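Asker: First the structure, then my questions, so here it is.
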Amino acid sequence: MADEKFDAIIVGAGMAGNAAAYRLAKEGLQVVVIERGPYPGSKNLSGGVLYGRVLHQLIPEYWKEAPVERFITNEVVTFLTGDASFNIDFKTQDFGKPPFNGFTVLRGKFDRWFAEKAEAAGAMLVPGIRVDKVLIEGGRVVGIAAGDEEIWADVVIAADGANSFLAQEAGLRERIPASQMALGVKELIGLPRQVIEDRFHLTGNEGAAHSIVGCVSGGVTGGGFLYTNLDSLSIGLVMNLDELVQNQLQPPEILEEFMGHPLIAPLVKDGTLLEYGAHLVVEGGIEMMPRLYMDGMLVAGDAAGFSINNGFVVRGMDLAIGSGIAAAETVIEAKSKNDFSAQGLSAYPQKLEASYVMADMHTYAQAAGFLKNRRLYKAYPEMITKLMRQIYRQDAQPKKHLMQELLKSLKDSRISLFDLVKDGYKGGRTL
Amino acid sequence: MKKMTVTEKIAVNKYELDEGHPHIVVHEEACRAKCKNLACLLVCPARVYSEVNGKIMADWAACLECGACKAACPTDALDWVYPRGGFGIVYRNG
């Protein structure tokens, strides 16, 4: 391998790396994907719902062959207090028709398939190798080193995930502060198919995606998620890392509390733990993005900070695929001009800007800031559940009109009308 | 569901143990001199870290490789790299 020179080395066989490898290999470029896990996906963890329309563009009707779990037809946002919940529950059969809005996926299976697709297209896959560093000559990335081996290429695509040590080492990004990172912890709970379908009112391969806001995250910015797979549930929490430390909280304890909550426990009842995992999420948005390219190198996926959480949906995988494709197309153009300098790769951010990837990063640029609002986790869940309780409660006392009850519940939860209008306006503009 | 300890949860996972090759090294001087919040003890979802006689120990074999400890460490006292290729946590599902 040492004597060969590739057109491109891709570090990391996740969503971004595999998408880039597939696109490049289809174009006939010599590309090698290096993965540190024993097989693609073995180091990867997601919630996870793949909003897969972009993958459909790359691999038409991918769901017919890919190991997807359930197509999501039910999206639920829950506001949870200690003893009550209020749901925004949206169901549509439209999301159950091709090309489908989103699928639950398990990365240990899915990424393996995706990498095999890239291999079948002509990419070389090298698993079980940890890339230690990028090789830099005269300020230009010329390859990678793994142990004693060096591999050379015109361009390196760093798709090495949220920790992206390669982007840091190449000087493209600083260490990300804990305040801009969230820790995701997840349990995979095995349950019979029929139980899942009955419990979540699903028919066949329909699936549900729940995000849960309120008392679940121990008071720190974050929330819970629960997704249905074919015969398992993915359930967990995403919590701001810095606030965990500030509040002296331990993720395993918050997770136990969440799963033992009287309104969550029945959903996982009688389940068997199949796997326990954790992963970092870069939440800083545009401000935390690294420089995306330099002489001989591009950064894609989580490594580039492409993630969006607007409270309703958490996205990363679709943005990773989109950025992987943009990186590949940039390399294809660079190859045709034989210019892999920063100048030659400068089309990358332009391609991203022209696509939904950066468009959505801009649209939701303020979402993370909005979601730091403390009222979202305590006051609003309390307010809405109090209001609903008053609406439904019949206690042989005279009832009041809705407006009076609303004002009272706001007052009880210490939310001023000004707060409500301001938060409503901000929420409407940032989410 | 039956409550499980973190150790029991970790035991369900698959690992390829790289014996004799720790991928986490705690630099005692930096760790002891400046750390006020013991962030690693708090944030690690696998409870890799423990304090023994005032010294932070890392039971690296249980590591889920998320990187939370390194990101949260206030003193940069953790020499934390990914395990060697092929070793460490192996997510069968992910």
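Labels used: A, B, ... for chains in the order of the structure tokens, numbers from 1 for residues in each chain, and numbers from 1 for ligands as shown.
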Within 7 Å of chain B, which residues of chain A show up when using only C-alpha atoms, listed as an NGL selection string?
Answerer: :A and (36-38 or 42-46 or 106-109 or 128-130 or 163 or 177-178 or 183 or 241-242 or 244-245 or 248-252 or 268-271 or 274-280)
Asker: Skip Trp113 in chain A itself and residues of its chain fewer than 5 positions away, then list as a PyMOL selection string all residues within 12 Å of it, counting only C-alpha atoms.
Answerer: chain A and resi 13-15+18-19+22+39-41+62-63+65-68+105-108+118-120
Asker: Any chance you could export the current selection's C-alpha atoms as a CSV table (one decimal), in the first residue's frame?
Answerer:
chain,number,residue,atom,x,y,z
A,13,ALA,CA,-16.6,5.0,7.1
A,14,GLY,CA,-19.6,6.7,8.6
A,15,MET,CA,-22.4,8.6,6.7
A,18,ASN,CA,-19.3,6.4,2.8
A,19,ALA,CA,-21.3,9.0,0.8
A,22,TYR,CA,-19.5,6.0,-3.1
A,39,TYR,CA,-16.1,-3.0,10.6
A,40,PRO,CA,-17.9,0.2,9.4
A,41,GLY,CA,-20.4,1.3,12.0
A,62,TYR,CA,-31.9,2.7,-1.0
A,63,TRP,CA,-34.6,1.4,1.4
A,65,GLU,CA,-31.7,-3.0,0.0
A,66,ALA,CA,-30.4,-1.1,3.0
A,67,PRO,CA,-30.9,-2.5,6.5
A,68,VAL,CA,-33.4,0.2,7.6
A,105,VAL,CA,-31.4,3.0,11.5
A,106,LEU,CA,-28.9,1.1,13.6
A,107,ARG,CA,-25.5,2.3,12.5
A,108,GLY,CA,-23.7,-1.0,13.2
A,118,ALA,CA,-19.0,2.1,-1.9
A,119,GLU,CA,-16.8,-1.0,-2.2
A,120,ALA,CA,-19.0,-2.4,-4.9
Asker: What separation in Å, quoted to one decimal, exists between CA of Glu329 in chain A and CA of Asp295 in chain A?
Answerer: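 Calculated distance between CA of Glu329 in chain A and CA of Asp295 in chain A is 16.4 Å.
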Asker: Name the closest residue to Arg193 in chain A among the candidates A:Glu256, A:Thr228, A:Gly427, A:Arg291; distances are taken between atoms, counting only C-alpha atoms.
Answerer: A:Thr228
Asker: Mind listing the alpha helix (DSSP H) residues of range 109-345 of chain A, per DSSP on the backbone, as a count of residues only?
Answerer: 65
Asker: Pick the closest to Thr203 in chain A from A:Cys215, A:Ile72, A:Ile59, A:Met181: which is it, counting only C-alpha atoms?
Answerer: A:Ile72
Asker: Calculate how many Å separate CA of Thr363 in chain A from CA of Ile286 in chain A, rounding to one decimal.
Answerer: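 Interatomic distance here is 10.4 Å.
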Asker: Select, from B:Glu19, B:Glu51, B:Asp79, B:Asp59, the residue with the minimum atom-to-atom distance to Arg32 in chain B, counting only C-alpha atoms.
Answerer: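 Closest candidate: B:Glu51.
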